[in-house]
Structure formats: C-alpha cells, structure tokens
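K.L.:
My structure is in coords.cif, and what it holds is mmCIF, C-alpha atoms and all ligand atoms:
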```cif
data_protein
loop_
_atom_site.group_PDB
_atom_site.id
_atom_site.type_symbol
_atom_site.label_atom_id
_atom_site.label_comp_id
_atom_site.auth_asym_id
_atom_site.auth_seq_id
_atom_site.Cartn_x
_atom_site.Cartn_y
_atom_site.Cartn_z
ATOM 1 C CA MET L 1 34.484 7.392 23.956
ATOM 2 C CA ILE L 2 31.148 6.375 25.428
ATOM 3 C CA ARG L 3 30.317 8.839 28.166
ATOM 4 C CA ASN L 4 28.108 8.150 31.108
ATOM 5 C CA MET L 5 24.513 9.166 31.401
ATOM 6 C CA ALA L 6 24.985 12.011 33.852
ATOM 7 C CA ASP L 7 27.012 14.191 31.523
ATOM 8 C CA ILE L 8 25.514 13.208 28.192
ATOM 9 C CA ASP L 9 24.425 16.015 25.912
ATOM 10 C CA VAL L 10 22.292 14.248 23.326
ATOM 11 C CA ARG L 11 22.361 17.056 20.784
ATOM 12 C CA GLN L 12 26.108 17.399 20.915
ATOM 13 C CA SER L 13 26.693 13.638 20.834
ATOM 14 C CA LEU L 14 24.396 13.296 17.873
ATOM 15 C CA ARG L 15 26.251 16.002 15.962
ATOM 16 C CA LEU L 16 29.527 14.276 16.725
ATOM 17 C CA VAL L 17 28.238 10.915 15.468
ATOM 18 C CA LEU L 18 26.966 12.569 12.278
ATOM 19 C CA GLN L 19 30.397 14.116 11.724
ATOM 20 C CA GLN L 20 32.038 10.743 12.227
ATOM 21 C CA ILE L 21 29.641 9.224 9.713
ATOM 22 C CA GLU L 22 30.616 11.889 7.159
ATOM 23 C CA ALA L 23 34.295 11.278 7.796
ATOM 24 C CA ALA L 24 33.884 7.507 7.453
ATOM 25 C CA CYS L 25 32.012 8.037 4.158
ATOM 26 C CA SER L 26 34.952 9.984 2.778
ATOM 27 C CA ARG L 27 37.241 7.027 3.479
ATOM 28 C CA ARG L 28 35.089 4.551 1.549
ATOM 29 C CA ASN L 29 35.801 2.850 -1.728
ATOM 30 C CA ASP L 30 34.290 4.753 -4.669
ATOM 31 C CA LYS L 31 31.825 1.959 -5.374
ATOM 32 C CA PHE L 32 29.906 2.986 -2.233
ATOM 33 C CA ALA L 33 29.591 6.604 -3.360
ATOM 34 C CA GLY L 34 25.834 6.373 -3.921
ATOM 35 C CA ILE L 35 25.106 4.959 -0.483
ATOM 36 C CA LYS L 36 24.099 7.441 2.170
ATOM 37 C CA PRO L 37 24.300 5.686 5.521
ATOM 38 C CA GLN L 38 21.190 6.092 7.636
ATOM 39 C CA LEU L 39 21.760 6.557 11.343
ATOM 40 C CA VAL L 40 19.266 4.684 13.519
ATOM 41 C CA ALA L 41 19.415 6.146 17.024
ATOM 42 C CA VAL L 42 18.915 3.281 19.465
ATOM 43 C CA SER L 43 16.953 4.658 22.403
ATOM 44 C CA LYS L 44 16.303 1.494 24.440
ATOM 45 C CA ILE L 45 16.058 2.088 28.190
ATOM 46 C CA LYS L 46 16.326 5.853 27.566
ATOM 47 C CA PRO L 47 13.450 8.223 28.339
ATOM 48 C CA ALA L 48 11.187 9.772 25.704
ATOM 49 C CA GLU L 49 12.539 13.242 26.560
ATOM 50 C CA LEU L 50 15.927 12.316 25.118
ATOM 51 C CA ILE L 51 14.275 11.011 21.966
ATOM 52 C CA VAL L 52 12.588 14.395 21.567
ATOM 53 C CA GLU L 53 15.948 16.141 21.934
ATOM 54 C CA ALA L 54 17.490 14.033 19.188
ATOM 55 C CA TYR L 55 14.398 14.506 17.022
ATOM 56 C CA GLU L 56 14.591 18.263 17.396
ATOM 57 C CA GLU L 57 18.193 18.046 16.273
ATOM 58 C CA GLY L 58 16.952 16.471 13.031
ATOM 59 C CA GLN L 59 17.145 12.745 13.784
ATOM 60 C CA ARG L 60 14.161 10.774 12.433
ATOM 61 C CA HIS L 61 15.072 7.058 12.583
ATOM 62 C CA PHE L 62 14.999 5.459 16.036
ATOM 63 C CA GLY L 63 15.461 1.848 17.113
ATOM 64 C CA GLU L 64 14.050 -0.114 20.039
ATOM 65 C CA ASN L 65 14.458 -3.771 20.861
ATOM 66 C CA TYR L 66 11.674 -4.534 23.323
ATOM 67 C CA VAL L 67 8.123 -4.544 21.966
ATOM 68 C CA GLN L 68 6.544 -3.315 25.183
ATOM 69 C CA GLU L 69 8.971 -0.409 25.503
ATOM 70 C CA LEU L 70 8.617 0.526 21.842
ATOM 71 C CA GLN L 71 4.853 0.539 22.135
ATOM 72 C CA GLU L 72 4.884 2.677 25.278
ATOM 73 C CA LYS L 73 7.228 5.241 23.775
ATOM 74 C CA ALA L 74 5.605 5.351 20.353
ATOM 75 C CA THR L 75 2.165 5.949 21.865
ATOM 76 C CA SER L 76 3.259 8.382 24.564
ATOM 77 C CA PRO L 77 1.594 11.815 24.210
ATOM 78 C CA LEU L 78 5.005 13.494 24.210
ATOM 79 C CA ILE L 79 6.311 11.520 21.232
ATOM 80 C CA LEU L 80 2.992 11.692 19.370
ATOM 81 C CA GLU L 81 2.909 15.449 19.742
ATOM 82 C CA LYS L 82 6.548 16.355 19.196
ATOM 83 C CA CYS L 83 7.827 13.654 16.851
ATOM 84 C CA LYS L 84 5.156 13.390 14.182
ATOM 85 C CA ASP L 85 7.534 12.185 11.490
ATOM 86 C CA ILE L 86 9.475 9.676 13.615
ATOM 87 C CA LYS L 87 10.429 6.382 11.969
ATOM 88 C CA TRP L 88 10.636 3.423 14.336
ATOM 89 C CA HIS L 89 12.854 0.426 13.689
ATOM 90 C CA PHE L 90 12.223 -2.712 15.688
ATOM 91 C CA ILE L 91 15.631 -4.300 16.245
ATOM 92 C CA GLY L 92 14.986 -6.933 18.932
ATOM 93 C CA HIS L 93 13.939 -10.544 18.904
ATOM 94 C CA LEU L 94 10.272 -10.744 17.911
ATOM 95 C CA GLN L 95 8.179 -13.400 19.604
ATOM 96 C CA ALA L 96 5.097 -14.704 17.812
ATOM 97 C CA ASN L 97 2.756 -13.483 20.554
ATOM 98 C CA LYS L 98 4.002 -9.891 20.186
ATOM 99 C CA ILE L 99 3.410 -9.534 16.463
ATOM 100 C CA ASN L 100 0.091 -7.686 16.678
ATOM 101 C CA LYS L 101 1.509 -5.381 19.289
ATOM 102 C CA VAL L 102 4.529 -4.406 17.219
ATOM 103 C CA LEU L 103 2.464 -3.986 14.042
ATOM 104 C CA SER L 104 0.112 -1.601 15.830
ATOM 105 C CA VAL L 105 2.943 0.776 16.770
ATOM 106 C CA PRO L 106 2.303 4.220 15.258
ATOM 107 C CA ASN L 107 5.010 5.220 12.738
ATOM 108 C CA LEU L 108 6.515 1.753 12.600
ATOM 109 C CA TYR L 109 9.041 1.957 9.765
ATOM 110 C CA MET L 110 10.862 -1.346 9.707
ATOM 111 C CA ILE L 111 11.283 -4.718 11.396
ATOM 112 C CA GLU L 112 14.986 -5.525 11.151
ATOM 113 C CA THR L 113 14.883 -8.939 12.789
ATOM 114 C CA VAL L 114 12.977 -11.389 10.623
ATOM 115 C CA ASP L 115 14.751 -14.723 10.918
ATOM 116 C CA THR L 116 12.217 -17.449 10.180
ATOM 117 C CA LYS L 117 9.755 -18.263 7.448
ATOM 118 C CA GLN L 118 6.992 -18.484 10.060
ATOM 119 C CA LEU L 119 7.666 -14.949 11.242
ATOM 120 C CA ALA L 120 7.727 -13.625 7.672
ATOM 121 C CA THR L 121 4.458 -15.419 6.965
ATOM 122 C CA GLN L 122 2.778 -13.988 10.047
ATOM 123 C CA LEU L 123 3.936 -10.431 9.341
ATOM 124 C CA ASN L 124 2.827 -10.738 5.735
ATOM 125 C CA THR L 125 -0.617 -12.031 6.666
ATOM 126 C CA ARG L 126 -1.310 -9.511 9.402
ATOM 127 C CA TRP L 127 0.204 -6.306 8.013
ATOM 128 C CA PRO L 128 -2.938 -5.401 5.969
ATOM 129 C CA ASN L 129 -4.882 -5.225 9.253
ATOM 130 C CA PHE L 130 -2.540 -2.559 10.585
ATOM 131 C CA GLY L 131 -0.762 -0.646 7.811
ATOM 132 C CA PRO L 132 -2.158 1.969 5.441
ATOM 133 C CA PRO L 133 -4.073 0.469 2.478
ATOM 134 C CA ASN L 134 -1.821 -1.225 -0.098
ATOM 135 C CA SER L 135 1.323 -0.412 1.849
ATOM 136 C CA LYS L 136 4.212 -2.786 2.341
ATOM 137 C CA LEU L 137 6.030 -3.345 5.600
ATOM 138 C CA ASN L 138 9.797 -2.861 5.361
ATOM 139 C CA ILE L 139 11.700 -5.796 6.760
ATOM 140 C CA MET L 140 15.254 -7.008 7.065
ATOM 141 C CA ILE L 141 16.470 -10.541 7.488
ATOM 142 C CA GLN L 142 18.607 -10.937 10.602
ATOM 143 C CA VAL L 143 21.658 -13.139 10.139
ATOM 144 C CA ASN L 144 23.558 -14.767 12.989
ATOM 145 C CA THR L 145 26.973 -14.129 11.460
ATOM 146 C CA SER L 146 28.927 -14.960 14.613
ATOM 147 C CA GLY L 147 27.209 -18.293 15.234
ATOM 148 C CA GLU L 148 26.734 -17.447 18.916
ATOM 149 C CA ALA L 149 23.929 -19.475 20.460
ATOM 150 C CA GLU L 150 22.544 -16.523 22.437
ATOM 151 C CA LYS L 151 22.149 -14.333 19.348
ATOM 152 C CA SER L 152 19.060 -14.422 17.153
ATOM 153 C CA GLY L 153 19.217 -14.592 13.404
ATOM 154 C CA LEU L 154 19.375 -17.340 10.898
ATOM 155 C CA ASP L 155 22.328 -19.265 9.647
ATOM 156 C CA PRO L 156 24.233 -17.529 6.802
ATOM 157 C CA ASN L 157 23.588 -20.405 4.419
ATOM 158 C CA GLU L 158 19.805 -20.104 4.872
ATOM 159 C CA VAL L 159 19.599 -16.440 3.933
ATOM 160 C CA THR L 160 18.958 -16.821 0.208
ATOM 161 C CA GLU L 161 16.082 -19.224 0.756
ATOM 162 C CA LEU L 162 14.288 -16.920 3.179
ATOM 163 C CA ALA L 163 14.937 -13.889 0.961
ATOM 164 C CA LYS L 164 13.483 -15.748 -2.001
ATOM 165 C CA TYR L 165 10.413 -16.645 0.039
ATOM 166 C CA VAL L 166 9.878 -13.028 1.103
ATOM 167 C CA LEU L 167 10.360 -11.719 -2.440
ATOM 168 C CA ASN L 168 8.109 -14.306 -4.100
ATOM 169 C CA ASP L 169 5.466 -15.148 -1.522
ATOM 170 C CA CYS L 170 5.112 -12.174 0.809
ATOM 171 C CA SER L 171 3.487 -9.435 -1.246
ATOM 172 C CA ASN L 172 2.818 -7.276 1.815
ATOM 173 C CA LEU L 173 6.487 -7.165 2.780
ATOM 174 C CA ARG L 174 9.324 -5.187 1.216
ATOM 175 C CA LEU L 175 12.746 -6.738 1.633
ATOM 176 C CA GLU L 176 15.053 -3.867 2.502
ATOM 177 C CA GLY L 177 18.126 -5.949 3.257
ATOM 178 C CA LEU L 178 20.130 -7.926 5.786
ATOM 179 C CA MET L 179 20.965 -7.114 9.391
ATOM 180 C CA THR L 180 23.519 -8.474 11.833
ATOM 181 C CA ILE L 181 24.867 -7.726 15.291
ATOM 182 C CA GLY L 182 28.039 -9.816 15.266
ATOM 183 C CA LYS L 183 30.379 -10.775 18.035
ATOM 184 C CA TYR L 184 31.270 -8.081 20.514
ATOM 185 C CA GLU L 185 35.013 -7.965 20.269
ATOM 186 C CA LYS L 186 37.624 -5.226 20.197
ATOM 187 C CA TYR L 187 39.220 -5.689 16.814
ATOM 188 C CA ASP L 188 42.053 -3.508 15.577
ATOM 189 C CA TYR L 189 40.339 -2.257 12.451
ATOM 190 C CA SER L 190 43.535 -0.793 11.072
ATOM 191 C CA LYS L 191 44.697 -4.395 10.647
ATOM 192 C CA VAL L 192 41.642 -6.610 10.213
ATOM 193 C CA ALA L 193 38.080 -6.311 8.992
ATOM 194 C CA ASN L 194 35.277 -7.482 11.266
ATOM 195 C CA PRO L 195 34.670 -11.099 10.131
ATOM 196 C CA ASP L 196 30.956 -10.891 10.933
ATOM 197 C CA PHE L 197 30.542 -7.850 8.715
ATOM 198 C CA LEU L 198 32.423 -9.657 5.940
ATOM 199 C CA CYS L 199 30.085 -12.593 6.434
ATOM 200 C CA LEU L 200 27.018 -10.352 6.030
ATOM 201 C CA ILE L 201 28.500 -8.850 2.858
ATOM 202 C CA LYS L 202 29.057 -12.345 1.493
ATOM 203 C CA CYS L 203 25.452 -13.312 2.325
ATOM 204 C CA ARG L 204 24.288 -10.256 0.395
ATOM 205 C CA ASP L 205 26.535 -10.997 -2.580
ATOM 206 C CA ASP L 206 25.528 -14.683 -2.719
ATOM 207 C CA LEU L 207 21.874 -13.780 -2.454
ATOM 208 C CA CYS L 208 22.159 -11.197 -5.214
ATOM 209 C CA SER L 209 23.962 -13.492 -7.609
ATOM 210 C CA GLU L 210 21.574 -16.388 -6.950
ATOM 211 C CA LEU L 211 18.452 -14.289 -7.334
ATOM 212 C CA GLY L 212 19.762 -11.951 -10.026
ATOM 213 C CA LEU L 213 19.542 -8.788 -7.934
ATOM 214 C CA ASN L 214 21.716 -5.688 -7.846
ATOM 215 C CA TRP L 215 23.769 -5.530 -4.636
ATOM 216 C CA LYS L 216 22.790 -1.896 -4.215
ATOM 217 C CA ASP L 217 19.166 -2.951 -3.769
ATOM 218 C CA ILE L 218 19.881 -5.118 -0.733
ATOM 219 C CA ALA L 219 20.882 -2.836 2.125
ATOM 220 C CA LEU L 220 23.055 -3.858 5.058
ATOM 221 C CA SER L 221 22.320 -2.954 8.660
ATOM 222 C CA MET L 222 25.543 -3.397 10.603
ATOM 223 C CA GLY L 223 27.617 -1.285 12.964
ATOM 224 C CA MET L 224 26.912 -0.047 16.520
ATOM 225 C CA SER L 225 28.551 2.511 18.830
ATOM 226 C CA HIS L 226 31.933 0.807 18.910
ATOM 227 C CA ASP L 227 32.196 -0.124 15.242
ATOM 228 C CA PHE L 228 29.887 2.007 13.106
ATOM 229 C CA GLU L 229 32.692 3.869 11.333
ATOM 230 C CA HIS L 230 34.277 0.592 10.300
ATOM 231 C CA ALA L 231 30.886 -0.741 9.153
ATOM 232 C CA ILE L 232 30.383 2.346 6.981
ATOM 233 C CA GLU L 233 33.791 1.875 5.412
ATOM 234 C CA LEU L 234 32.650 -1.643 4.461
ATOM 235 C CA GLY L 235 29.500 -0.259 2.831
ATOM 236 C CA SER L 236 26.853 -0.415 5.565
ATOM 237 C CA HIS L 237 23.581 1.410 4.798
ATOM 238 C CA TYR L 238 22.082 1.432 8.295
ATOM 239 C CA ILE L 239 24.061 1.870 11.465
ATOM 240 C CA ARG L 240 22.392 1.370 14.822
ATOM 241 C CA VAL L 241 23.974 3.608 17.435
ATOM 242 C CA GLY L 242 22.786 3.848 21.035
ATOM 243 C CA GLN L 243 25.309 4.612 23.748
ATOM 244 C CA MET L 244 27.375 7.047 21.694
ATOM 245 C CA ILE L 245 24.291 9.247 21.433
ATOM 246 C CA PHE L 246 22.331 8.606 24.610
ATOM 247 C CA GLY L 247 25.082 7.617 27.047
ATOM 248 C CA GLU L 248 25.888 4.329 28.693
ATOM 249 C CA ARG L 249 23.196 1.867 29.612
ATOM 250 C CA PRO L 250 23.235 0.045 32.918
ATOM 251 C CA ILE L 251 24.641 -3.479 32.631
ATOM 252 C CA LYS L 252 21.899 -5.929 31.727
ATOM 253 C CA ILE L 253 20.661 -8.060 34.585
HETATM 254 C C1 LIG S 1 21.414 -1.993 21.724
HETATM 255 C C2 LIG S 1 21.527 -2.314 20.309
HETATM 256 C C3 LIG S 1 22.272 -1.506 19.437
HETATM 257 C C4 LIG S 1 23.025 -0.275 19.883
HETATM 258 O O1 LIG S 1 24.130 -0.613 20.650
HETATM 259 P P1 LIG S 1 25.094 0.531 21.233
HETATM 260 O O2 LIG S 1 26.254 -0.198 21.763
HETATM 261 O O3 LIG S 1 24.315 1.216 22.292
HETATM 262 O O4 LIG S 1 25.419 1.436 20.118
HETATM 263 C C5 LIG S 1 22.304 -1.855 18.099
HETATM 264 N N1 LIG S 1 21.673 -2.954 17.635
HETATM 265 C C6 LIG S 1 20.947 -3.744 18.441
HETATM 266 C C7 LIG S 1 20.265 -4.932 17.850
HETATM 267 C C8 LIG S 1 20.861 -3.461 19.789
HETATM 268 O O5 LIG S 1 20.142 -4.275 20.580
#
```
Reformat the file's structure so that it appears as structure tokens.
Ligand SMILES: *Cc1c(COP(=O)(O)O)cnc(C)c1O
P.N.:
Amino acid sequence: MIRNMADIDVRQSLRLVLQQIEAACSRRNDKFAGIKPQLVAVSKIKPAELIVEAYEEGQRHFGENYVQELQEKATSPLILEKCKDIKWHFIGHLQANKINKVLSVPNLYMIETVDTKQLATQLNTRWPNFGPPNSKLNIMIQVNTSGEAEKSGLDPNEVTELAKYVLNDCSNLRLEGLMTIGKYEKYDYSKVANPDFLCLIKCRDDLCSELGLNWKDIALSMGMSHDFEHAIELGSHYIRVGQMIFGERPIKI
C-alpha cells in the first residue's frame, strides 16, 4: 500500500521495499540468479531531507526526472555534505537545451532516457567537458513499449539501430541497457505478465542476437512502486521506486 506523506517513515518504508525485493528475487527463475536488482529511489518532488534519511539507511542510487530539480538537489549543501557517495539517475525526458545542465550535476551516475541518435550524439560529444578524464557516461535507451503518444522513448523496432550506434560511434558513452515505463494499468500478475515488460525483454533479446551480445550485459530498468516485484520476477536489473518509499505525490497539474 502506498501511504500518504504525513505518516511516511522513509527508513521503515525503504527496509520494507528491500525485503520485498529479496522475496521477489527468491521467486525468480534460476537463470536470473546472478542478477542483483538495484533499487533506484525516486525522490522527485520530495525534499532533500528525506533523501538524506534514505541515504543514511544505506540507499545510494536516487532518481529524478526534472533537470532543474535534480540540479538543485544535487548541489544543495545538505546533499553535498551528507551524501558524498550518492549516485544520481536522470529518468525524465531530456531536452536538448538542458544537456549541459544535467551533465554538470555532481555525482551523476546514469541517464536512463536516451531515445534519439541526436541526444546520444550530443551526450557523447559533451561528456568529456564534464566527466572525469577518460570516463564514460552510463546511459540507457528508453523504449516506448506501450506506444502511448504522451510517453517518451523510441519505437521497439528502432532499439537495435540506436544501440548499435551508441556501441560503435559513441566512445564516451557506456550502454548499460534498456529502460521503459509502460502503461499504467492494474494487471493481475498472478494471471498475466505485463505486456510492456515482455516487450522490453524482447527488445533486449533481439538486440543481443543481432549484435552478438550476452543478454546479461544489457540490463533492464523496469518496475515502479506498483509493479516492481513483478518486474524483478521477469528479470529486471533496475527498479525505480518513488511513492512506496517517500509517500504519495500530489496529483500532477
Ligand atoms: C516517478 C517515476 C517513477 C517512480 O514512480 P512511483 O510510482 O513513485 O514508484 C519511476 N520511473 C519514472 C520514469 C518516473 O517518472
């Protein structure tokens, strides 16, 4: 159950989510045994103080989906002082005019939402101006598995081409894997698998067979508060959980 903000105890919620992750791992097919799902705590709209609480509980990976908000939090004295080893994931739509801003974020760990060749090119060209010498920027390709017009991400049948471009022509980028949000729908997971997650798995498998890669080397980022356990059972490597940890967000206006 997602609880509301007033009674949220971040530390306790985080522990609960971690227990649920463990339990979901134990239900997986043996072929996923080597995959340790990484929880990305999505802190959008939530204050830096709550991030510090989760950090002190051991959480290191955090996700934000607005560049301005990410930059403000990542450079705030509180976070810089108390969360020295934080790893930021950018999980929102990245506009071309915000690229320098996002790349200048201290402790930026990964951009999960690359969905065009132009964006990959720009990140690849500019990263050397921002990152440590000879480092590579971790990126994921965002796939619009549900085909919803309002969601970002590229078409499933364009994934291999973009992945090939990143692998062959973007030496400053490291392709970590594929990311999707999927349609928000209450499925009965005891009966059906989430079709958008299956679509992302198929994109990964097609890409690996076409480019001769091992499927274990292309991670999947799928699963949010309402479906992360299911995503783990399907082999997800990164789950992005916000409200289950930090409490409900106000409805978007
Ligand atoms: C907000 C957000 C999440 C987390 O959603 P919750 O329902 O709060 O768990 C995950 N991924 C993306 C891309 C988001 O924007």
K.L.:
Could you list, with a cut-off of 7 Å and counting all atoms listed in the file, the residues of chain L near ligand LIG 1 (chain S), each shown with its nearest atom pair and the distance in Å rounded to one decimal, rows sorted by chain and ascending number, as JSON lines?
P.N.:
```
{"residue": "L:Val42", "atom": "CA", "partner": "S:LIG1", "partner_atom": "C4", "distance": 5.5}
{"residue": "L:Lys44", "atom": "CA", "partner": "S:LIG1", "partner_atom": "C1", "distance": 6.8}
{"residue": "L:Asn65", "atom": "CA", "partner": "S:LIG1", "partner_atom": "O5", "distance": 5.7}
{"residue": "L:Ile91", "atom": "CA", "partner": "S:LIG1", "partner_atom": "C7", "distance": 4.9}
{"residue": "L:Gly92", "atom": "CA", "partner": "S:LIG1", "partner_atom": "C7", "distance": 5.7}
{"residue": "L:Ile181", "atom": "CA", "partner": "S:LIG1", "partner_atom": "C7", "distance": 6.0}
{"residue": "L:Met224", "atom": "CA", "partner": "S:LIG1", "partner_atom": "O4", "distance": 4.2}
{"residue": "L:Ser225", "atom": "CA", "partner": "S:LIG1", "partner_atom": "O4", "distance": 3.6}
{"residue": "L:His226", "atom": "CA", "partner": "S:LIG1", "partner_atom": "O2", "distance": 6.4}
{"residue": "L:Arg240", "atom": "CA", "partner": "S:LIG1", "partner_atom": "C5", "distance": 4.6}
{"residue": "L:Val241", "atom": "CA", "partner": "S:LIG1", "partner_atom": "O4", "distance": 3.7}
{"residue": "L:Gly242", "atom": "CA", "partner": "S:LIG1", "partner_atom": "O3", "distance": 3.3}
{"residue": "L:Gln243", "atom": "CA", "partner": "S:LIG1", "partner_atom": "O3", "distance": 3.8}
{"residue": "L:Met244", "atom": "CA", "partner": "S:LIG1", "partner_atom": "O4", "distance": 6.1}
```
K.L.:
Taking only C-alpha atoms into account, name the residue in L:Val159, L:Ile86, L:Ile232, L:Ala41 that is nearest to Ala24 of chain L.
P.N.:
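Selected residue with least distance to Ala24 of chain L: L:Ile232.
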K.L.:
Hey, what comes out of the PyMOL selection byres (((chain L and resi 163) around 12) and not hetatm) on this file? Could you write it as a VMD selection string?
P.N.:
chain L and resid 114 to 117 120 139 to 143 154 156 to 162 164 to 170 173 to 178 203 to 204 206 to 208 210 to 211 213 218
K.L.:
For Phe197 of chain L, which residue out of L:Leu14, L:Ile111, L:Leu220, L:Cys25 is the nearest one, using only C-alpha atoms?
P.N.:
L:Leu220
K.L.:
Of the candidates L:Asn100, L:Asn172, L:Thr113, L:Ser190, which one gets nearest to Lys136 of chain L if we count all atoms listed in the file?
P.N.:
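Looking at the shortest contact to Lys136 of chain L, the residue is L:Asn172.
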K.L.:
Expanded to explicit residues, what is the PyMOL selection byres (((chain L and resi 58) around 12) and not hetatm) for this file, as JSON, numbers by chain?
P.N.:
{"L": [10, 11, 14, 15, 18, 39, 41, 51, 52, 53, 54, 55, 56, 57, 59, 60, 61, 62, 83, 85, 86]}
K.L.:
Taking the file as shown, what set of residues would the PyMOL selection byres (((chain L and resi 23) around 12) and not hetatm) give back, as a list in words?
P.N.:
Leu16, Val17, Leu18, Gln19, Gln20, Ile21, Glu22, Ala24, Cys25, Ser26, Arg27, Arg28, Pro37, Phe228, Glu229, His230, Ile232 and Glu233 of chain L
K.L.:
Generate a file of the selected residues that holds C-alpha atoms, formatted as an mmCIF file, in the frame of the given file.
P.N.:
```
data_model
loop_
_atom_site.group_PDB
_atom_site.id
_atom_site.type_symbol
_atom_site.label_atom_id
_atom_site.label_comp_id
_atom_site.auth_asym_id
_atom_site.auth_seq_id
_atom_site.Cartn_x
_atom_site.Cartn_y
_atom_site.Cartn_z
ATOM 1 C CA LEU L 16 29.527 14.276 16.725
ATOM 2 C CA VAL L 17 28.238 10.915 15.468
ATOM 3 C CA LEU L 18 26.966 12.569 12.278
ATOM 4 C CA GLN L 19 30.397 14.116 11.724
ATOM 5 C CA GLN L 20 32.038 10.743 12.227
ATOM 6 C CA ILE L 21 29.641 9.224 9.713
ATOM 7 C CA GLU L 22 30.616 11.889 7.159
ATOM 8 C CA ALA L 24 33.884 7.507 7.453
ATOM 9 C CA CYS L 25 32.012 8.037 4.158
ATOM 10 C CA SER L 26 34.952 9.984 2.778
ATOM 11 C CA ARG L 27 37.241 7.027 3.479
ATOM 12 C CA ARG L 28 35.089 4.551 1.549
ATOM 13 C CA PRO L 37 24.300 5.686 5.521
ATOM 14 C CA PHE L 228 29.887 2.007 13.106
ATOM 15 C CA GLU L 229 32.692 3.869 11.333
ATOM 16 C CA HIS L 230 34.277 0.592 10.300
ATOM 17 C CA ILE L 232 30.383 2.346 6.981
ATOM 18 C CA GLU L 233 33.791 1.875 5.412
#
```
K.L.:
Please compute the atom CA of Leu103 of chain L-atom CA of Ile251 of chain L distance, one decimal, in Å.
P.N.:
28.9 Å
K.L.:
Any chance you could work out the axis-aligned box around segment 85-96 of chain L, listed atoms only, 5 Å on each side, giving centre and edge lengths in Å to one decimal, as lines of an AutoDock Vina configuration file?
P.N.:
```
center_x = 10.4
center_y = -1.3
center_z = 15.5
size_x = 20.5
size_y = 36.9
size_z = 18.1
```
